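Peer 1: Dropping in final34.cif, which is mmCIF, C-alpha atoms:
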data_input
#
loop_
_atom_site.label_atom_id
_atom_site.label_comp_id
_atom_site.auth_asym_id
_atom_site.auth_seq_id
_atom_site.Cartn_x
_atom_site.Cartn_y
_atom_site.Cartn_z
CA MET A 1 -7.83 18.65 -3.60
CA LEU A 2 -4.50 18.73 -1.77
CA LEU A 3 -5.97 17.17 1.37
CA ASP A 4 -7.39 14.22 -0.61
CA ILE A 5 -4.02 13.39 -2.19
CA HIS A 6 -2.28 13.80 1.17
CA LEU A 7 -4.68 11.41 2.87
CA LYS A 8 -4.23 8.88 0.04
CA LEU A 9 -0.42 8.97 0.32
CA ARG A 10 -0.58 8.94 4.12
CA LYS A 11 -2.81 5.88 3.96
CA TYR A 12 -0.34 4.28 1.54
CA ILE A 13 2.57 4.84 3.96
CA PHE A 14 0.71 3.53 7.02
CA TRP A 15 -0.57 0.60 5.00
CA TYR A 16 3.07 -0.24 4.24
CA PHE A 17 3.91 -0.19 7.95
CA ASN A 18 0.87 -2.33 8.73
CA ILE A 19 1.89 -4.91 6.11
CA ILE A 20 5.52 -5.29 7.21
CA GLU A 21 4.42 -5.42 10.87
CA MET A 22 1.52 -7.80 10.03
CA GLN A 23 -0.96 -5.63 11.89
CA CYS A 24 -3.69 -7.33 9.84
CA ILE A 25 -3.34 -10.32 12.20
CA PRO A 26 -5.60 -9.74 15.25
CA ALA A 27 -3.93 -9.31 18.63
CA VAL A 28 -4.25 -12.28 20.99
CA GLY A 29 -3.38 -10.48 24.21
CA TYR A 30 0.04 -12.06 24.73
CA SER A 31 2.87 -9.54 24.39
CA MET A 32 5.43 -11.99 22.97
CA ILE A 33 3.06 -13.29 20.31
CA ASP A 34 1.75 -9.84 19.38
CA LYS A 35 5.27 -8.43 19.03
CA GLY A 36 6.38 -11.56 17.19
CA LYS A 37 4.04 -10.69 14.32
CA ALA A 38 6.68 -8.23 13.13
CA LEU A 39 8.99 -11.19 12.39
CA ILE A 40 6.61 -12.80 9.88
CA PHE A 41 7.46 -10.44 7.00
CA PRO A 42 11.29 -10.82 7.29
CA LEU A 43 10.88 -14.60 7.72
CA LEU A 44 8.86 -14.80 4.50
CA LEU A 45 11.53 -12.73 2.76
CA SER A 46 14.18 -15.08 4.15
CA ALA A 47 12.28 -18.09 2.77
CA SER A 48 12.19 -16.46 -0.65
CA VAL A 49 15.93 -15.68 -0.55
CA PHE A 50 16.59 -19.30 0.47
CA CYS A 51 14.72 -20.56 -2.62
CA ASN A 52 16.72 -18.21 -4.87
CA ALA A 53 20.00 -19.30 -3.27
CA TRP A 54 19.05 -23.00 -3.50
CA HIS A 55 18.26 -22.61 -7.18
CA LEU A 56 21.52 -20.83 -7.95
CA SER A 57 23.56 -23.35 -5.94
CA TYR A 58 21.97 -26.68 -6.92
CA GLN A 59 19.44 -26.29 -9.75
CA VAL A 60 21.44 -24.17 -12.21
CA ASP A 61 23.85 -26.40 -14.14
CA SER A 62 24.95 -24.04 -16.93
CA LEU A 63 25.12 -20.39 -17.96
CA ASN A 64 22.88 -20.87 -20.98
CA ASN A 65 19.92 -18.97 -19.51
CA LEU A 66 21.43 -15.81 -18.09
CA LEU A 67 18.00 -14.24 -17.60
CA ASP A 68 17.16 -17.02 -15.13
CA ILE A 69 20.42 -16.49 -13.24
CA SER A 70 20.14 -12.71 -13.28
CA ILE A 71 16.54 -12.61 -12.04
CA ASN A 72 17.31 -14.99 -9.17
CA ILE A 73 20.43 -13.06 -8.19
CA ASN A 74 18.43 -9.82 -8.19
CA PHE A 75 15.56 -11.28 -6.19
CA ALA A 76 18.03 -12.68 -3.64
CA ILE A 77 19.72 -9.27 -3.33
CA GLY A 78 16.31 -7.59 -3.19
CA GLY A 79 15.12 -9.90 -0.41
CA LEU A 80 18.22 -9.27 1.71
CA GLN A 81 18.01 -5.54 1.07
CA ALA A 82 14.29 -5.49 2.00
CA ILE A 83 15.08 -7.25 5.29
CA ILE A 84 17.76 -4.66 6.11
CA THR A 85 15.53 -1.74 5.10
CA ASN A 86 12.59 -2.93 7.16
CA GLY A 87 14.80 -3.77 10.13
CA ILE A 88 16.92 -0.62 10.34
CA VAL A 89 14.90 2.11 8.65
CA ASN A 90 11.34 1.14 9.49
CA PHE A 91 11.66 -0.43 12.95
CA ILE A 92 14.67 1.20 14.62
CA LEU A 93 13.91 4.62 13.08
CA LYS A 94 10.11 4.41 13.09
CA GLU A 95 9.80 7.33 15.53
CA LYS A 96 11.60 9.53 13.02
CA HIS A 97 9.07 8.48 10.37
CA LEU A 98 6.19 9.48 12.63
CA ILE A 99 7.76 12.90 13.36
CA VAL A 100 8.15 13.56 9.61
CA LEU A 101 4.57 12.45 8.91
CA LYS A 102 3.25 14.78 11.63
CA TYR A 103 5.08 17.65 9.91
CA PHE A 104 3.37 16.76 6.61
CA ASP A 105 -0.01 16.71 8.35
CA LYS A 106 0.74 20.13 9.77
CA ILE A 107 1.64 21.82 6.47
CA VAL A 108 -1.31 20.29 4.60
CA GLN A 109 -3.84 21.24 7.27
CA SER A 110 -2.30 24.67 7.94
CA LYS A 111 -4.61 27.67 7.52
CA GLU A 112 -1.75 30.09 6.85
CA GLU A 113 -3.42 32.57 4.52
CA LEU A 114 -0.40 33.37 2.33
CA LEU A 115 0.56 29.71 1.79
CA ILE A 116 -2.81 28.04 1.23
CA GLU A 117 -3.12 28.86 -2.45
CA ALA A 118 0.55 28.17 -3.22
CA ARG A 119 0.41 24.81 -1.45
CA GLU A 120 -2.78 23.86 -3.27
CA GLN A 121 -0.95 24.37 -6.56
CA LYS A 122 2.68 23.41 -5.93
CA LEU A 123 2.42 20.75 -3.23
CA LYS A 124 -0.55 19.10 -4.95
CA GLY A 125 1.35 18.89 -8.26
CA SER A 126 4.39 17.42 -6.51
CA LEU A 127 2.35 14.68 -4.82
CA GLU A 128 0.44 13.83 -8.01
CA PHE A 129 3.78 13.21 -9.76
CA VAL A 130 5.03 10.74 -7.14
CA GLU A 131 1.64 9.00 -7.19
CA GLY A 132 2.19 8.37 -10.92
CA LEU A 133 5.64 6.91 -10.22
CA ALA A 134 4.06 4.38 -7.84
CA ASN A 135 1.64 3.13 -10.48
CA ILE A 136 4.40 2.69 -13.09
CA SER A 137 6.70 0.86 -10.67
CA PHE A 138 4.21 -1.81 -9.65
CA GLY A 139 3.32 -2.41 -13.29
CA CYS A 140 6.88 -3.65 -13.94
CA ILE A 141 6.41 -6.63 -11.59
CA LEU A 142 3.87 -8.24 -13.94
CA THR A 143 6.40 -8.32 -16.79
CA LEU A 144 9.05 -10.22 -14.81
CA THR A 145 6.74 -12.94 -13.46
CA GLY A 146 5.00 -13.26 -16.83
CA ALA A 147 8.32 -13.84 -18.61
CA GLY A 148 9.27 -16.61 -16.19
CA LEU A 149 5.94 -18.39 -16.63
CA PHE A 150 6.20 -18.25 -20.42
CA GLN A 151 9.79 -19.59 -20.60
CA THR A 152 9.16 -22.49 -18.16
CA ASN A 153 5.94 -23.73 -19.78
CA TYR A 154 3.80 -22.11 -17.06
CA VAL A 155 5.52 -23.82 -14.13
CA SER A 156 8.02 -21.40 -12.54
CA PRO A 157 7.52 -17.60 -12.58
CA LEU A 158 10.98 -17.20 -11.03
CA PHE A 159 12.55 -20.10 -12.99
CA TYR A 160 13.28 -22.27 -9.93
CA THR A 161 11.30 -25.14 -8.39
CA ILE A 162 10.37 -25.18 -4.70
CA PRO A 163 12.76 -27.49 -2.80
CA GLY A 164 11.09 -30.64 -1.43
CA ILE A 165 8.23 -30.90 -3.96
CA SER A 166 8.64 -33.75 -6.44
CA GLU A 167 7.86 -33.18 -10.12
CA SER A 168 5.52 -36.18 -10.00
CA SER A 169 3.42 -34.63 -7.24
CA PHE A 170 0.05 -33.15 -8.19
CA LEU A 171 1.06 -30.10 -6.11
CA PHE A 172 4.16 -29.42 -8.21
CA ARG A 173 2.69 -26.98 -10.73
CA PRO A 174 0.14 -25.12 -8.51
CA ALA A 175 2.56 -24.85 -5.57
CA ASN A 176 5.37 -23.43 -7.70
CA ILE A 177 3.14 -20.95 -9.51
CA ILE A 178 1.31 -19.69 -6.40
CA ILE A 179 4.28 -19.58 -4.02
CA GLN A 180 6.70 -18.03 -6.53
CA ILE A 181 4.24 -15.32 -7.60
CA PHE A 182 3.65 -14.61 -3.90
CA PHE A 183 7.41 -14.43 -3.22
CA SER A 184 8.02 -12.19 -6.26
CA TYR A 185 5.35 -9.70 -5.15
CA LEU A 186 6.55 -9.90 -1.56
CA ILE A 187 10.12 -8.91 -2.47
CA CYS A 188 9.06 -6.32 -5.04
CA TYR A 189 6.66 -4.84 -2.48
CA GLY A 190 9.40 -4.64 0.14
CA VAL A 191 11.89 -3.04 -2.29
CA ILE A 192 9.69 -0.76 -4.40
CA THR A 193 7.47 0.47 -1.58
CA SER A 194 10.43 1.58 0.52
CA ASP A 195 11.84 3.40 -2.54
CA LEU A 196 8.53 5.16 -3.12
CA GLN A 197 8.26 5.98 0.56
CA SER A 198 11.48 8.01 0.42
CA ALA A 199 10.34 9.61 -2.87
CA ILE A 200 7.05 10.65 -1.26
CA TYR A 201 8.88 12.24 1.67
CA LEU A 202 11.24 14.19 -0.60
CA PHE A 203 8.47 15.39 -2.92
CA TYR A 204 6.57 16.73 0.09
CA PHE A 205 9.59 18.90 0.89
CA HIS A 206 9.92 19.85 -2.78
CA GLY A 207 6.29 20.99 -2.84
CA GLU A 208 6.67 22.97 0.38
CA PHE A 209 9.85 24.67 -0.87
CA SER A 210 8.07 25.59 -4.11
CA SER A 211 5.17 27.05 -2.11
CA ILE A 212 7.50 29.14 0.04
CA LYS A 213 9.26 30.32 -3.12
CA VAL A 214 5.95 31.53 -4.61
CA VAL A 215 5.20 33.56 -1.47
CA THR A 216 8.77 34.92 -1.40
CA GLU A 217 8.41 36.22 -4.96
CA ARG A 218 5.76 38.63 -3.70
CA LEU A 219 8.58 40.55 -2.03
CA GLY A 220 9.73 41.51 -5.51
CA GLU A 221 6.63 43.66 -6.00
CA LYS A 222 6.94 47.26 -4.78
CA ARG A 223 3.27 47.49 -3.87
CA ASN A 224 3.83 44.81 -1.21
CA LEU A 225 6.90 46.55 0.17
CA ILE A 226 5.24 49.90 0.82
CA SER A 227 2.41 48.27 2.75
CA ARG A 228 2.32 46.26 5.95
CA GLU A 229 2.08 43.14 3.79
CA SER A 230 5.89 42.86 3.54
CA GLY A 231 6.31 42.22 7.28
CA LYS A 232 3.63 39.53 7.18
CA ILE A 233 5.23 37.87 4.14
CA LEU A 234 8.67 37.89 5.76
CA LYS A 235 7.31 36.37 8.96
CA THR A 236 5.47 33.64 7.02
CA VAL A 237 8.52 32.78 4.89
CA TYR A 238 10.84 32.76 7.91
CA GLU A 239 8.64 30.43 9.97
CA ALA A 240 7.84 28.09 7.07
CA HIS A 241 11.49 27.83 6.04
CA LEU A 242 12.58 27.18 9.62
CA GLU A 243 10.04 24.33 9.86
CA VAL A 244 11.29 22.86 6.57
CA LEU A 245 14.86 22.78 7.87
CA SER A 246 13.74 21.23 11.15
CA GLY A 247 11.61 18.61 9.41
CA PHE A 248 14.36 17.69 6.96
CA SER A 249 16.89 17.22 9.76
CA ASP A 250 14.73 14.34 11.04
CA LEU A 251 14.32 12.94 7.53
CA SER A 252 18.06 13.16 6.78
CA VAL A 253 18.75 10.54 9.48
CA ILE A 254 16.37 8.12 7.73
CA LEU A 255 17.79 8.91 4.29
CA TRP A 256 21.40 8.40 5.40
CA HIS A 257 20.68 4.79 6.42
CA PHE A 258 18.23 4.20 3.58
CA TYR A 259 20.49 5.25 0.72
CA SER A 260 23.63 3.59 2.13
CA HIS A 261 22.50 0.09 1.13
CA LYS A 262 19.98 1.06 -1.57
CA MET A 263 22.74 2.47 -3.79
CA LEU A 264 24.87 -0.67 -3.41
CA ALA A 265 21.90 -2.93 -4.15
CA ALA A 266 20.89 -0.83 -7.19
CA CYS A 267 24.38 -1.14 -8.66
CA LEU A 268 24.28 -4.93 -8.21
CA TYR A 269 20.78 -5.10 -9.73
CA LEU A 270 21.87 -3.21 -12.81
CA CYS A 271 25.12 -5.14 -13.19
CA SER A 272 23.20 -8.43 -13.10
CA ALA A 273 20.50 -7.17 -15.47
CA LEU A 274 23.06 -5.96 -18.02
CA PHE A 275 24.87 -9.29 -17.76
CA ALA A 276 21.61 -11.09 -18.63
CA TYR A 277 20.97 -8.69 -21.50
CA THR A 278 24.15 -9.79 -23.27
CA LYS A 279 22.91 -13.35 -23.77
CA SER A 280 19.17 -13.61 -23.31
CA ASN A 281 16.71 -15.95 -25.04
CA SER A 282 14.11 -13.19 -25.01
CA LEU A 283 15.46 -9.78 -26.01
CA VAL A 284 12.19 -7.98 -25.17
CA THR A 285 12.10 -9.46 -21.65
CA ALA A 286 15.75 -8.59 -21.07
CA VAL A 287 15.19 -5.00 -22.21
CA VAL A 288 12.17 -4.64 -19.91
CA PHE A 289 14.23 -6.17 -17.08
CA VAL A 290 17.03 -3.62 -17.56
CA LEU A 291 14.57 -0.74 -17.88
CA SER A 292 12.82 -1.85 -14.67
CA VAL A 293 16.12 -1.69 -12.79
CA LEU A 294 16.95 1.70 -14.32
CA LEU A 295 13.50 2.95 -13.27
CA GLN A 296 14.14 1.92 -9.68
CA LEU A 297 17.52 3.67 -9.68
CA PHE A 298 15.92 6.75 -11.24
CA ILE A 299 13.22 6.79 -8.52
CA LEU A 300 16.00 6.76 -5.92
CA CYS A 301 18.05 9.58 -7.46
CA LEU A 302 15.47 11.92 -9.01
CA PRO A 303 13.73 13.08 -5.77
CA ALA A 304 17.12 13.80 -4.16
CA GLN A 305 18.07 15.96 -7.15
CA VAL A 306 14.68 17.71 -7.10
CA ILE A 307 14.88 18.64 -3.41
CA GLU A 308 18.43 20.00 -3.87
CA ASP A 309 17.26 22.08 -6.84
CA SER A 310 14.27 23.37 -4.82
CA SER A 311 16.58 24.55 -2.06
CA GLU A 312 18.84 26.27 -4.60
CA GLU A 313 15.87 27.93 -6.37
CA PHE A 314 14.67 29.36 -3.05
CA ARG A 315 18.11 30.79 -2.41
CA LYS A 316 18.24 32.32 -5.90
CA THR A 317 14.79 33.85 -5.44
CA LEU A 318 15.94 35.58 -2.25
CA TYR A 319 19.06 36.89 -3.95
CA ASN A 320 17.70 37.90 -7.37
CA LYS A 321 14.01 38.71 -7.03
CA VAL A 322 13.48 40.22 -3.59
CA LEU A 323 13.73 44.04 -3.43
CA TRP A 324 15.35 43.95 -0.01
CA TYR A 325 16.94 47.39 -0.50
CA GLU A 326 13.44 48.91 -0.69
CA MET A 327 12.44 47.51 2.71
CA SER A 328 12.38 49.28 6.03
CA PRO A 329 15.42 48.69 8.32
CA GLU A 330 13.36 46.40 10.54
CA ASN A 331 12.27 44.23 7.59
CA GLN A 332 15.80 44.19 6.22
CA LYS A 333 17.00 42.62 9.48
CA GLN A 334 14.36 39.91 9.22
CA PHE A 335 15.23 39.34 5.57
CA SER A 336 18.93 38.95 6.45
CA MET A 337 17.98 36.19 8.92
CA ILE A 338 16.01 34.37 6.20
CA PHE A 339 18.87 34.76 3.73
CA MET A 340 21.43 33.38 6.20
CA GLY A 341 19.11 30.44 6.91
CA SER A 342 18.80 29.74 3.18
CA GLN A 343 22.54 29.02 3.02
CA ARG A 344 21.78 25.78 4.83
CA GLY A 345 20.81 23.96 1.67
CA ILE A 346 19.14 20.58 2.12
CA GLU A 347 20.60 17.52 0.41
CA ALA A 348 20.10 13.76 0.61
CA LYS A 349 23.44 12.24 1.62
CA THR A 350 24.70 8.81 2.56
CA PHE A 351 27.76 6.84 3.54
CA GLY A 352 30.25 6.03 0.78
CA VAL A 353 28.41 8.02 -1.91
CA GLY A 354 27.97 11.48 -0.47
CA LYS A 355 25.32 13.64 -2.08
CA ILE A 356 22.60 11.79 -4.01
CA SER A 357 21.70 13.37 -7.35
CA VAL A 358 21.21 12.62 -11.04
CA TYR A 359 25.00 12.54 -11.28
CA THR A 360 24.91 9.62 -8.82
CA PHE A 361 22.51 7.86 -11.21
CA LEU A 362 25.00 8.26 -14.07
CA GLN A 363 27.91 7.11 -11.90
CA ILE A 364 26.12 3.92 -10.88
CA VAL A 365 25.06 3.15 -14.46
CA LYS A 366 28.65 3.63 -15.62
CA ALA A 367 30.00 1.42 -12.81
CA ALA A 368 27.41 -1.30 -13.51
CA PHE A 369 28.34 -1.34 -17.22
CA SER A 370 32.01 -1.77 -16.27
CA TYR A 371 31.32 -4.59 -13.78
CA ALA A 372 28.98 -6.40 -16.19
CA ALA A 373 31.55 -6.22 -18.99
CA PHE A 374 34.24 -7.57 -16.66
CA VAL A 375 32.08 -10.49 -15.48
CA TYR A 376 31.02 -11.27 -19.05
CA THR A 377 34.67 -11.36 -20.18
CA VAL A 378 35.74 -13.61 -17.29
CA LEU A 379 32.83 -16.10 -17.34
CA LEU A 380 31.96 -16.18 -21.03
#
Produce structure tokens that represent the structure in this file.

Peer 2:
Amino acid sequence: MLLDIHLKLRKYIFWYFNIIEMQCIPAVGYSMIDKGKALIFPLLLSASVFCNAWHLSYQVDSLNNLLDISININFAIGGLQAIITNGIVNFILKEKHLIVLKYFDKIVQSKEELLIEAREQKLKGSLEFVEGLANISFGCILTLTGAGLFQTNYVSPLFYTIPGISESSFLFRPANIIIQIFFSYLICYGVITSDLQSAIYLFYFHGEFSSIKVVTERLGEKRNLISRESGKILKTVYEAHLEVLSGFSDLSVILWHFYSHKMLAACLYLCSALFAYTKSNSLVTAVVFVLSVLLQLFILCLPAQVIEDSSEEFRKTLYNKVLWYEMSPENQKQFSMIFMGSQRGIEAKTFGVGKISVYTFLQIVKAAFSYAAFVYTVLL
């Protein structure tokens, strides 16, 4: 049922907030200590970035293993980007998140007669799709850590060694394996979960737009126009569409900050991954690495394209399928208000990129190929 999927995704989002704020640690009653728990997650990310930077600065002595260099560059970028995302988007703008989540609760629990069936079909399908994306994304983490373990004789999942632990120490192997796997999942969790969080939000709006569109199509049937049903349909569509626009205005603030650094980081990820692909000891691992980065970029761009298309489809439905000329003068006035409101299309936008879409995905891939080719020519 729709409510079951909604509760699962809602639990997933709040679980993410609880993890980055370390709410799993019991409160001790001291305000400074209790609030300080929120610093644990960024400090752990900082420790991981330090290990990546240390390895690249002091432990790498040649460019023979580009996969090693690329993975550590990407994990360092990912750690920094996760710190920024959690700091700006999830702490400073947390109130906006809660407002958006309350809107989702409202539409799922709504008893609006005309929208219940449409939401059960369209919104449920939209949320099931994004749930599948989450499962695929987390599966990619296993491949990266597994490749590192295999190439370093089961010592270093991320290719580096923890600073300060001697190779002669009995803790060398277990400490490197445990800590590096923990760091890899920590960074991937911070990066991938925030990506999926934005995808979940956008697919909620996609599902709601699709539901409104289904109800709107009923205005193309003459039998609904000659009855009192047309006034009820118009009122439902008007109110639901107005709430969508209001809810997305809160989300657009989050998306503007979110995408501004996510797009830059994604371009750097892909550039580094393609650079490693050109001279990798393990072609299969390099291909999976590149595909993992492309998947993340796709997860960022696809929902933005989908929500723009949903807005456009709603506008086309009003223009092409509604028999507005068969309505009473009173209903025509209400329809004109809905049609004027539909001109306010909703789009995910950000600084330096503008509108996010599948075209943005292609632009970043093209730019990353160019940068990787330039670096390869200069260094190799």

Peer 1: With the PyMOL selection byres ((chain A and resi 84) around 12) as the selection, what would be picked from this file? Answer as a PyMOL selection string, please.

Peer 2: chain A and resi 41-42+45-46+77-83+85-92+190-191+194+257-262+265

Peer 1: Run the PyMOL selection byres ((chain A and resi 269) around 9) on the file and write out the hits as a VMD selection string.

Peer 2: chain A and resid 70 to 71 73 to 75 77 to 78 264 to 268 270 to 274 290 293 368

Peer 1: Taking all atoms listed in the file into account, which of A:Met263, A:Leu291, A:Val108, A:Leu115 comes nearest Ala367 (chain A)?

Peer 2: A:Met263

Peer 1: If the PyMOL selection byres ((chain A and resi 48) around 10) were run on this exact file, what residues would it hold? Put them as a PyMOL selection string.

Peer 2: chain A and resi 42-47+49-54+75-76+79-80+162+179-180+182-184+186-187

Peer 1: To one decimal place, how far is CA of Lys222 (chain A) from CA of Trp324 (chain A) in Å?

Peer 2: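 Separating CA of Lys222 (chain A) from CA of Trp324 (chain A) is a distance of 10.2 Å.
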
Peer 1: Check the smallest atom-to-atom distance from each of A:Ser198, A:Asn331, A:Ser249, A:Gln363 to Leu300 (chain A) using only C-alpha atoms, then report the winner.

Peer 2: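 Ranking A:Ser198, A:Asn331, A:Ser249, A:Gln363 by distance to Leu300 (chain A), first place goes to A:Ser198.
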
Peer 1: So how far away is CA of Gly220 (chain A) from CA of Leu323 (chain A), in Å?

Peer 2: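 Pair CA of Leu323 (chain A) / CA of Gly220 (chain A) returns 5.2 Å.
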
Peer 1: What's the 12 Å shell around Gln109 (chain A), counting all atoms listed in the file, without same-chain residues fewer than 3 positions away, as a list in words?

Peer 2: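 Result of the neighbour search: Met1, Leu2, Leu3, Asp4, His6, Leu7, Lys102, Tyr103, Phe104, Asp105, Lys106, Glu112, Glu113, Leu115, Ile116, Arg119 and Glu120 of chain A.
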